[in-house]
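Text of the file input10.txt, holding compact mmCIF, C-alpha atoms:
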```txt
# COMPACT_ATOMS: atom_id res chain seq x y z
CA MET P 287 27.64 -70.23 -160.40
CA ASP P 288 25.41 -72.18 -157.98
CA GLN P 289 25.49 -75.95 -158.53
CA PRO P 290 25.72 -75.67 -162.32
CA VAL P 291 25.10 -78.39 -164.85
CA VAL P 292 28.21 -78.51 -167.01
CA GLY P 293 28.12 -80.19 -170.40
CA LEU P 294 31.20 -81.88 -171.82
CA VAL P 295 31.99 -81.91 -175.57
CA VAL P 296 35.14 -83.76 -176.66
CA HIS P 297 37.20 -83.99 -179.84
CA PRO P 298 36.41 -87.27 -181.64
CA THR P 299 40.01 -88.52 -181.87
CA LYS P 300 42.44 -86.51 -179.71
CA ASN P 301 43.56 -87.83 -176.32
CA VAL P 302 41.77 -85.52 -173.87
CA GLN P 303 41.99 -87.82 -170.83
CA GLU P 304 43.91 -85.30 -168.70
CA SER P 305 41.03 -82.86 -168.81
CA VAL P 306 38.37 -85.56 -168.51
CA THR P 307 40.05 -86.69 -165.26
CA THR P 308 40.09 -83.10 -163.98
CA LEU P 309 36.37 -82.75 -164.74
CA GLN P 310 35.61 -86.09 -163.08
CA ARG P 311 37.28 -84.82 -159.89
CA TRP P 312 35.24 -81.62 -160.09
CA ASN P 313 32.07 -83.69 -160.60
CA ALA P 314 32.87 -85.82 -157.54
CA SER P 315 33.44 -82.70 -155.40
CA GLY P 316 29.73 -81.88 -155.39
CA ARG P 317 30.17 -78.37 -156.79
CA GLY P 318 27.96 -79.20 -159.74
CA ARG P 319 26.83 -81.91 -162.11
CA LEU P 320 28.76 -83.00 -165.17
CA ILE P 321 26.97 -84.53 -168.15
CA ALA P 322 27.98 -85.57 -171.66
CA ARG P 323 26.22 -86.60 -174.86
CA ARG P 324 25.63 -90.28 -175.49
CA ILE P 325 27.69 -90.05 -178.69
CA ASP P 326 30.78 -89.32 -176.53
CA ALA P 327 30.16 -92.02 -173.91
CA ALA P 328 32.89 -94.36 -175.13
CA ARG P 329 35.53 -91.61 -174.92
CA ILE P 330 34.85 -90.37 -171.38
CA GLY P 331 34.53 -93.50 -169.25
CA GLY P 332 31.59 -94.63 -167.16
CA VAL P 333 31.59 -92.14 -164.25
CA ILE P 334 29.96 -89.23 -166.11
CA ASP P 335 26.22 -89.17 -166.76
CA VAL P 336 25.42 -89.42 -170.46
CA VAL P 337 22.19 -88.03 -171.95
CA GLU P 338 20.56 -87.58 -175.33
CA ASP P 339 21.28 -84.39 -177.27
CA ASP P 340 17.90 -82.78 -176.49
CA GLU P 341 18.36 -83.20 -172.75
CA PHE P 342 21.96 -82.00 -173.02
CA THR P 343 21.08 -78.75 -174.82
CA GLY P 344 18.04 -78.11 -172.65
CA THR P 345 19.80 -78.70 -169.32
CA VAL P 346 23.38 -77.40 -169.37
CA ASP P 347 24.35 -74.08 -167.81
CA LEU P 348 27.81 -74.12 -169.36
CA VAL P 349 29.73 -76.26 -171.86
CA VAL P 350 33.40 -77.26 -171.66
CA ALA P 351 34.81 -78.10 -175.10
CA LEU P 352 37.97 -80.23 -175.18
CA GLY P 353 39.70 -79.87 -178.55
CA GLY P 354 40.59 -77.03 -180.87
CA ASP P 355 38.60 -74.22 -182.43
CA GLY P 356 36.59 -76.72 -184.48
CA THR P 357 35.39 -78.54 -181.37
CA MET P 358 34.50 -75.25 -179.73
CA LEU P 359 32.58 -74.05 -182.79
CA GLY P 360 30.69 -77.34 -182.83
CA ALA P 361 29.76 -76.85 -179.17
CA MET P 362 28.54 -73.32 -179.89
CA ARG P 363 26.39 -74.54 -182.78
CA LEU P 364 25.05 -77.35 -180.58
CA VAL P 365 23.64 -74.93 -177.97
CA ALA P 366 22.81 -72.06 -180.36
CA LYS P 367 19.07 -72.27 -179.69
CA ARG P 368 19.87 -71.62 -176.04
CA PRO P 369 23.32 -70.01 -176.17
CA VAL P 370 24.87 -70.90 -172.82
CA PRO P 371 28.57 -70.01 -172.27
CA VAL P 372 31.26 -72.24 -173.75
CA LEU P 373 34.77 -72.66 -172.30
CA GLY P 374 37.42 -74.00 -174.66
CA VAL P 375 40.37 -76.14 -173.56
CA ASN P 376 43.08 -76.27 -176.21
CA TYR P 377 43.98 -79.64 -177.68
CA GLY P 378 44.35 -78.19 -181.16
CA ASN P 379 47.07 -76.37 -183.08
CA VAL P 380 46.68 -72.60 -183.47
CA GLY P 381 43.51 -72.13 -181.44
CA PHE P 382 42.11 -68.60 -181.81
CA LEU P 383 38.89 -69.24 -179.88
CA VAL P 384 40.10 -71.57 -177.12
CA GLU P 385 41.68 -69.79 -174.19
CA ILE P 386 43.15 -72.22 -171.67
CA GLU P 387 45.55 -75.16 -171.80
CA PRO P 388 44.74 -78.52 -170.12
CA PRO P 389 46.88 -77.87 -166.98
CA GLU P 390 44.88 -74.65 -166.38
CA LEU P 391 41.47 -76.34 -166.34
CA GLU P 392 41.30 -77.05 -162.60
CA ALA P 393 41.99 -73.41 -161.71
CA ALA P 394 39.50 -72.33 -164.37
CA LEU P 395 36.77 -74.45 -162.79
CA ASP P 396 37.48 -72.81 -159.42
CA ARG P 397 37.08 -69.38 -161.01
CA LEU P 398 33.86 -70.42 -162.71
CA SER P 399 32.46 -71.60 -159.38
CA ALA P 400 33.41 -68.24 -157.86
CA GLY P 401 31.85 -66.28 -160.72
CA ASP P 402 35.25 -64.84 -161.63
CA TYR P 403 34.97 -64.68 -165.41
CA GLN P 404 33.60 -62.64 -168.30
CA LEU P 405 31.33 -63.54 -171.20
CA GLU P 406 32.27 -62.67 -174.77
CA PRO P 407 29.33 -62.56 -177.21
CA HIS P 408 29.79 -64.01 -180.69
CA HIS P 409 27.79 -63.31 -183.82
CA ALA P 410 26.88 -65.98 -186.37
CA LEU P 411 25.76 -66.15 -189.97
CA GLU P 412 22.32 -67.62 -190.53
CA ALA P 413 22.04 -69.19 -193.96
CA ARG P 414 19.15 -70.79 -195.81
CA LEU P 415 19.91 -72.99 -198.81
CA SER P 416 17.04 -73.30 -201.29
CA TRP P 417 17.53 -75.80 -204.08
CA SER P 418 15.40 -78.29 -206.01
CA GLY P 419 12.35 -77.51 -203.88
CA ALA P 420 14.10 -78.15 -200.55
CA ARG P 421 15.22 -75.69 -197.88
CA THR P 422 17.96 -76.28 -195.31
CA ASP P 423 19.10 -73.88 -192.58
CA TYR P 424 22.67 -73.52 -191.31
CA LEU P 425 24.45 -71.50 -188.64
CA ALA P 426 28.12 -70.50 -189.01
CA PHE P 427 30.08 -68.84 -186.22
CA ASN P 428 33.23 -68.51 -188.34
CA ASP P 429 32.35 -68.72 -192.00
CA LEU P 430 30.23 -70.21 -194.73
CA THR P 431 32.08 -71.10 -197.91
CA ILE P 432 31.07 -72.18 -201.40
CA VAL P 433 34.12 -73.99 -202.75
CA ARG P 434 34.88 -75.68 -206.07
CA ARG P 435 35.37 -79.41 -206.23
CA PRO P 436 38.55 -80.52 -208.00
CA GLY P 437 37.90 -81.09 -211.68
CA ALA P 438 34.46 -79.44 -211.58
CA GLY P 439 35.42 -75.94 -212.73
CA GLN P 440 34.99 -72.68 -210.83
CA VAL P 441 32.25 -71.36 -208.58
CA SER P 442 30.07 -68.77 -210.28
CA ALA P 443 27.51 -66.83 -208.23
CA ASP P 444 25.54 -63.58 -208.37
CA LEU P 445 25.47 -61.45 -205.22
CA SER P 446 22.45 -59.35 -204.31
CA VAL P 447 22.15 -57.16 -201.20
CA GLY P 448 18.73 -56.16 -199.97
CA GLY P 449 17.23 -57.52 -203.18
CA LEU P 450 19.44 -55.37 -205.41
CA GLY P 451 22.04 -56.88 -207.72
CA TYR P 452 25.58 -56.16 -206.54
CA GLY P 453 27.75 -58.10 -208.98
CA TYR P 454 28.95 -61.59 -209.70
CA TYR P 455 31.82 -63.88 -208.73
CA ARG P 456 33.80 -66.43 -210.66
CA ALA P 457 36.40 -67.91 -208.33
CA ASP P 458 37.72 -71.06 -206.68
CA ALA P 459 35.62 -70.25 -203.61
CA ILE P 460 33.49 -67.55 -202.00
CA VAL P 461 33.86 -67.00 -198.25
CA ALA P 462 31.31 -65.21 -196.07
CA ALA P 463 32.74 -64.62 -192.58
CA THR P 464 31.78 -63.15 -189.21
CA PRO P 465 34.17 -60.79 -187.37
CA ALA P 466 35.53 -63.75 -185.37
CA GLY P 467 35.83 -65.84 -188.53
CA SER P 468 37.56 -63.07 -190.45
CA THR P 469 40.91 -64.33 -189.12
CA ALA P 470 40.37 -67.77 -190.71
CA TYR P 471 39.75 -68.61 -194.40
CA ASN P 472 38.86 -64.99 -195.19
CA TYR P 473 42.23 -63.79 -193.89
CA ALA P 474 44.10 -66.54 -195.73
CA ALA P 475 42.40 -65.40 -198.94
CA GLY P 476 43.59 -61.82 -198.44
CA GLY P 477 40.44 -60.48 -196.80
CA PRO P 478 40.44 -57.91 -193.97
CA VAL P 479 40.38 -58.73 -190.27
CA LEU P 480 37.16 -57.33 -188.77
CA SER P 481 37.15 -55.99 -185.22
CA PRO P 482 35.25 -58.23 -182.77
CA ALA P 483 33.35 -55.09 -181.78
CA LEU P 484 31.93 -54.79 -185.31
CA SER P 485 28.46 -56.11 -186.11
CA GLY P 486 28.80 -57.14 -189.72
CA SER P 487 30.24 -59.70 -192.10
CA VAL P 488 32.72 -59.86 -194.96
CA VAL P 489 32.53 -61.66 -198.31
CA THR P 490 35.83 -62.54 -199.99
CA PRO P 491 36.50 -64.43 -203.25
CA VAL P 492 39.32 -66.98 -203.33
CA ALA P 493 41.48 -66.89 -206.51
CA PRO P 494 38.95 -64.80 -208.46
CA MET P 495 39.02 -65.10 -212.24
CA ALA P 496 36.30 -62.57 -213.12
CA GLY P 497 33.68 -60.33 -211.54
CA ILE P 498 34.13 -59.02 -207.99
CA ASP P 499 37.79 -59.55 -207.13
CA ARG P 500 38.03 -58.07 -203.64
CA SER P 501 36.30 -58.18 -200.27
CA VAL P 502 32.88 -56.68 -199.56
CA VAL P 503 32.00 -55.69 -195.97
CA LEU P 504 28.30 -55.75 -195.10
CA ALA P 505 26.39 -54.31 -192.14
CA ALA P 506 24.46 -56.51 -189.72
CA ARG P 507 21.10 -55.22 -190.94
CA GLU P 508 21.82 -56.16 -194.56
CA ARG P 509 20.44 -59.41 -195.93
CA TYR P 510 22.20 -60.83 -198.94
CA ARG P 511 21.88 -63.70 -201.36
CA PHE P 512 24.17 -65.85 -203.47
CA GLU P 513 22.50 -67.25 -206.59
CA ILE P 514 24.63 -70.05 -207.98
CA ALA P 515 24.99 -69.24 -211.67
CA GLU P 516 25.56 -71.13 -214.88
CA GLY P 517 28.92 -72.83 -215.03
CA THR P 518 28.89 -74.18 -211.48
CA ARG P 519 28.61 -77.92 -212.02
CA SER P 520 29.35 -79.03 -208.47
CA ALA P 521 30.55 -77.08 -205.43
CA ALA P 522 30.81 -77.99 -201.77
CA LEU P 523 29.03 -75.96 -199.12
CA GLU P 524 31.13 -75.65 -195.96
CA VAL P 525 30.04 -74.36 -192.54
CA ASP P 526 32.89 -73.56 -190.14
CA GLY P 527 35.18 -75.77 -192.21
CA LEU P 528 32.83 -78.78 -192.35
CA VAL P 529 31.29 -79.91 -195.64
CA VAL P 530 27.53 -79.89 -195.05
CA GLY P 531 26.19 -80.24 -198.58
CA GLU P 532 26.54 -79.59 -202.28
CA VAL P 533 25.31 -76.79 -204.53
CA ALA P 534 25.16 -76.26 -208.28
CA THR P 535 23.48 -73.99 -210.82
CA GLY P 536 20.08 -72.81 -209.58
CA ALA P 537 20.75 -72.98 -205.85
CA GLN P 538 20.13 -69.90 -203.67
CA ILE P 539 21.76 -69.12 -200.33
CA ASP P 540 20.18 -66.35 -198.23
CA MET P 541 22.42 -64.89 -195.53
CA ARG P 542 22.06 -62.59 -192.55
CA LEU P 543 24.00 -61.88 -189.36
CA ARG P 544 22.52 -63.11 -186.11
CA LYS P 545 23.88 -60.99 -183.28
CA ASP P 546 24.98 -62.57 -179.99
CA ALA P 547 24.24 -66.08 -181.22
CA GLY P 548 26.87 -67.57 -178.91
CA SER P 549 28.69 -66.84 -175.68
CA VAL P 550 32.32 -67.66 -174.86
CA VAL P 551 33.86 -67.77 -171.37
CA ARG P 552 36.87 -65.48 -170.98
CA LEU P 553 39.00 -65.74 -167.83
CA ASP P 554 41.59 -63.21 -169.03
CA ALA P 555 40.29 -61.35 -172.07
CA GLU P 556 43.36 -59.11 -172.31
CA ARG P 557 45.79 -62.05 -172.31
CA HIS P 558 43.68 -63.90 -174.84
CA GLY P 559 43.65 -60.85 -177.11
CA ARG P 560 47.43 -60.52 -176.96
CA THR P 561 47.92 -64.22 -177.64
CA GLY P 562 45.53 -64.07 -180.59
CA ARG P 563 47.43 -61.19 -182.17
CA VAL P 564 50.70 -63.09 -181.83
CA LYS P 565 49.17 -66.23 -183.36
CA LEU P 566 47.78 -64.17 -186.25
CA SER P 567 51.17 -62.60 -186.95
CA LEU P 568 52.86 -66.01 -186.90
CA LEU P 569 50.61 -67.15 -189.73
CA ASP P 570 52.34 -64.64 -192.01
CA LEU P 571 55.81 -66.08 -191.39
CA PRO P 572 57.14 -68.17 -194.30
CA VAL P 573 57.97 -71.09 -192.00
CA ARG P 574 56.07 -73.93 -190.37
CA PRO P 575 55.46 -73.84 -186.59
CA ASP P 576 58.11 -76.55 -186.03
CA GLN P 577 60.63 -74.36 -187.86
CA LEU P 578 60.10 -71.35 -185.60
CA VAL P 579 62.65 -72.72 -183.13
CA GLU P 580 65.33 -72.09 -185.76
CA LEU P 581 64.65 -68.36 -185.42
CA ILE P 582 65.84 -68.44 -181.79
CA PRO P 583 69.60 -67.82 -181.37
CA SER P 584 71.46 -71.07 -180.63
CA ASP P 585 72.83 -69.87 -177.26
CA LEU P 586 69.33 -68.99 -176.10
CA ARG P 587 67.99 -72.35 -177.34
CA GLN P 588 70.66 -74.16 -175.31
CA LYS P 589 69.85 -72.08 -172.22
CA LEU P 590 66.14 -72.82 -172.52
CA ARG P 591 66.86 -76.51 -173.03
CA ARG P 592 68.99 -76.64 -169.85
CA GLU P 593 66.25 -74.88 -167.86
CA VAL P 594 63.68 -77.37 -169.07
CA GLU P 595 65.92 -80.32 -168.19
CA ASP P 596 66.60 -78.90 -164.71
```
Render the structure in this file as structure tokens.
Amino acid sequence: MDQPVVGLVVHPTKNVQESVTTLQRWNASGRGRLIARRIDAARIGGVIDVVEDDEFTGTVDLVVALGGDGTMLGAMRLVAKRPVPVLGVNYGNVGFLVEIEPPELEAALDRLSAGDYQLEPHHALEARLSWSGARTDYLAFNDLTIVRRPGAGQVSADLSVGGLGYGYYRADAIVAATPAGSTAYNYAAGGPVLSPALSGSVVTPVAPMAGIDRSVVLAARERYRFEIAEGTRSAALEVDGLVVGEVATGAQIDMRLRKDAGSVVRLDAERHGRTGRVKLSLLDLPVRPDQLVELIPSDLRQKLRREVED
């Protein structure tokens, strides 16, 4: 990568100073230019150029996202009109999308400068909400969810595929997910994990009470619609885990898969795949992450502790 412009996106609350310092050193080395959005200026210090969002998205050659999967998804949505590669640095918890840890960032920047990396394409769901005469467009790299609000009853919606009625849902939530997002809310609700090589999406009801009670897998070419039916007084519309609006009876949500809507930097795709499978299997264990240490034999725990102290 020849003198790239690298954009920095940071988590709004986590302490990411270690990586910011690493990027400041890289910026001072003359191997490229580092910029950030004005909204993040207070969190990154005064030695990085800050620009407005339009200049940021129109200028960057690559984005470094400091946070967890949510921060990385936000960065991908930010540059979706011009999907430049995004590198994730993990300051989150599980982290399925992010690949490297903060101490690995300096070496990663060297590899980026040398062109020693791969790009992993990511699909997204394009959604158009039509309600009360207004239309709003959304893009979801993981999932789009219609979820009940506490005390407001269930979500009821009719599903049509290609203009033909498919069935109806009555559930606590309805999740539409991409292959990458199939390991998130969809998986927690009992839905299948879709291969990253698959161009398609999956719709899964959460705690269904009537109607369709299992997952439906749809091809990339298929357009589908949720028509919010009678009985839905108030439901939240979530995009990649963020509440973006509200829907109720009469709203329509048109969905389709947009192929290769984003691009993720992979420095070691095989290692990342192995790590992701381990993380996914750990989610099925009936213990919290902090309790996993109790599964390690005590003699081995003591040995590891001594090695760390030494």
Residue with smallest distance to Leu373 (chain P) - pool P:Ala457, P:Ile334, P:Val292, P:Ala328, counting only C-alpha atoms: P:Val292
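For the set P:Ala314, P:Met362, P:Ala400, P:Leu504, the residue with the smallest atom-to-atom gap to Leu553 (chain P) is P:Ala400, counting all atoms listed in the file.
Closest approach to Thr343 (chain P) among P:Ile386, P:Val447, P:Val370, P:Ala393 is made by P:Val370 (distances from all atoms listed in the file).
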Which of P:Pro298, P:Asp340, P:Ser305, P:Met358 sits closest to Ala394 (chain P) [using all atoms listed in the file]: P:Ser305
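Among the candidate residues P:Asp347, P:Asp546, P:Asp458, P:Asp499, the one lying nearest to Thr431 (chain P) is P:Asp458, with distances computed using only C-alpha atoms.
Compared by their closest atoms to Gly467 (chain P), and using all atoms listed in the file, the residues P:Ala537, P:Val349, P:Ala327, P:Val479 rank with P:Val479 nearest.
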Just want the 9 Å neighbourhood of region 422-426 of chain P, counted on only C-alpha atoms, with same-chain residues fewer than 4 positions away dropped. Output as a ChimeraX atom specification. /P:359,363,366,409-417,430,463-464,525-526,530,544
Mind rebuilding region 338-359 of chain P with N, CA, C and O atoms and writing that out as an mmCIF file, in the coordinates of the input?
```
data_model
loop_
_atom_site.group_PDB
_atom_site.id
_atom_site.type_symbol
_atom_site.label_atom_id
_atom_site.label_comp_id
_atom_site.auth_asym_id
_atom_site.auth_seq_id
_atom_site.Cartn_x
_atom_site.Cartn_y
_atom_site.Cartn_z
ATOM 1 N N GLU P 338 20.813 -87.853 -173.924
ATOM 2 C CA GLU P 338 20.560 -87.580 -175.330
ATOM 3 C C GLU P 338 20.772 -86.093 -175.614
ATOM 4 O O GLU P 338 20.765 -85.268 -174.710
ATOM 5 N N ASP P 339 20.959 -85.766 -176.892
ATOM 6 C CA ASP P 339 21.280 -84.390 -177.270
ATOM 7 C C ASP P 339 20.243 -83.386 -176.794
ATOM 8 O O ASP P 339 20.588 -82.283 -176.336
ATOM 9 N N ASP P 340 18.946 -83.719 -176.893
ATOM 10 C CA ASP P 340 17.900 -82.780 -176.490
ATOM 11 C C ASP P 340 17.982 -82.444 -175.015
ATOM 12 O O ASP P 340 17.823 -81.281 -174.614
ATOM 13 N N GLU P 341 18.221 -83.455 -174.182
ATOM 14 C CA GLU P 341 18.360 -83.200 -172.750
ATOM 15 C C GLU P 341 19.633 -82.403 -172.467
ATOM 16 O O GLU P 341 19.639 -81.514 -171.607
ATOM 17 N N PHE P 342 20.693 -82.720 -173.196
ATOM 18 C CA PHE P 342 21.960 -82.000 -173.020
ATOM 19 C C PHE P 342 21.758 -80.511 -173.285
ATOM 20 O O PHE P 342 22.082 -79.662 -172.446
ATOM 21 N N THR P 343 21.214 -80.166 -174.457
ATOM 22 C CA THR P 343 21.080 -78.750 -174.820
ATOM 23 C C THR P 343 20.047 -78.026 -173.978
ATOM 24 O O THR P 343 20.140 -76.817 -173.785
ATOM 25 N N GLY P 344 19.069 -78.753 -173.457
ATOM 26 C CA GLY P 344 18.040 -78.110 -172.650
ATOM 27 C C GLY P 344 18.386 -77.992 -171.188
ATOM 28 O O GLY P 344 17.666 -77.306 -170.440
ATOM 29 N N THR P 345 19.487 -78.627 -170.748
ATOM 30 C CA THR P 345 19.800 -78.700 -169.320
ATOM 31 C C THR P 345 21.054 -77.921 -168.930
ATOM 32 O O THR P 345 21.104 -77.326 -167.844
ATOM 33 N N VAL P 346 22.081 -77.923 -169.784
ATOM 34 C CA VAL P 346 23.380 -77.400 -169.370
ATOM 35 C C VAL P 346 23.337 -75.902 -169.090
ATOM 36 O O VAL P 346 22.605 -75.143 -169.733
ATOM 37 N N ASP P 347 24.148 -75.499 -168.102
ATOM 38 C CA ASP P 347 24.350 -74.080 -167.810
ATOM 39 C C ASP P 347 25.624 -73.553 -168.443
ATOM 40 O O ASP P 347 25.790 -72.344 -168.607
ATOM 41 N N LEU P 348 26.515 -74.476 -168.779
ATOM 42 C CA LEU P 348 27.810 -74.120 -169.360
ATOM 43 C C LEU P 348 28.343 -75.364 -170.074
ATOM 44 O O LEU P 348 28.040 -76.483 -169.677
ATOM 45 N N VAL P 349 29.122 -75.148 -171.125
ATOM 46 C CA VAL P 349 29.730 -76.260 -171.860
ATOM 47 C C VAL P 349 31.246 -76.110 -171.821
ATOM 48 O O VAL P 349 31.774 -75.007 -172.013
ATOM 49 N N VAL P 350 31.946 -77.207 -171.562
ATOM 50 C CA VAL P 350 33.400 -77.260 -171.660
ATOM 51 C C VAL P 350 33.729 -78.076 -172.901
ATOM 52 O O VAL P 350 33.321 -79.246 -173.022
ATOM 53 N N ALA P 351 34.448 -77.452 -173.842
ATOM 54 C CA ALA P 351 34.810 -78.100 -175.100
ATOM 55 C C ALA P 351 36.284 -78.458 -175.072
ATOM 56 O O ALA P 351 37.144 -77.582 -174.929
ATOM 57 N N LEU P 352 36.592 -79.748 -175.199
ATOM 58 C CA LEU P 352 37.970 -80.230 -175.180
ATOM 59 C C LEU P 352 38.395 -80.528 -176.618
ATOM 60 O O LEU P 352 37.942 -81.494 -177.225
ATOM 61 N N GLY P 353 39.250 -79.694 -177.176
ATOM 62 C CA GLY P 353 39.700 -79.870 -178.550
ATOM 63 C C GLY P 353 40.330 -78.587 -179.050
ATOM 64 O O GLY P 353 40.989 -77.878 -178.299
ATOM 65 N N GLY P 354 40.108 -78.281 -180.309
ATOM 66 C CA GLY P 354 40.590 -77.030 -180.870
ATOM 67 C C GLY P 354 39.425 -76.111 -181.166
ATOM 68 O O GLY P 354 38.326 -76.255 -180.624
ATOM 69 N N ASP P 355 39.654 -75.153 -182.066
ATOM 70 C CA ASP P 355 38.600 -74.220 -182.430
ATOM 71 C C ASP P 355 37.413 -74.942 -183.055
ATOM 72 O O ASP P 355 36.259 -74.564 -182.836
ATOM 73 N N GLY P 356 37.677 -75.996 -183.842
ATOM 74 C CA GLY P 356 36.590 -76.720 -184.480
ATOM 75 C C GLY P 356 35.647 -77.356 -183.477
ATOM 76 O O GLY P 356 34.423 -77.314 -183.632
ATOM 77 N N THR P 357 36.214 -77.945 -182.421
ATOM 78 C CA THR P 357 35.390 -78.540 -181.370
ATOM 79 C C THR P 357 34.573 -77.479 -180.657
ATOM 80 O O THR P 357 33.395 -77.680 -180.349
ATOM 81 N N MET P 358 35.196 -76.330 -180.420
ATOM 82 C CA MET P 358 34.500 -75.250 -179.730
ATOM 83 C C MET P 358 33.373 -74.681 -180.594
ATOM 84 O O MET P 358 32.269 -74.403 -180.104
ATOM 85 N N LEU P 359 33.624 -74.530 -181.886
ATOM 86 C CA LEU P 359 32.580 -74.050 -182.790
ATOM 87 C C LEU P 359 31.421 -75.031 -182.838
ATOM 88 O O LEU P 359 30.252 -74.625 -182.869
#
```
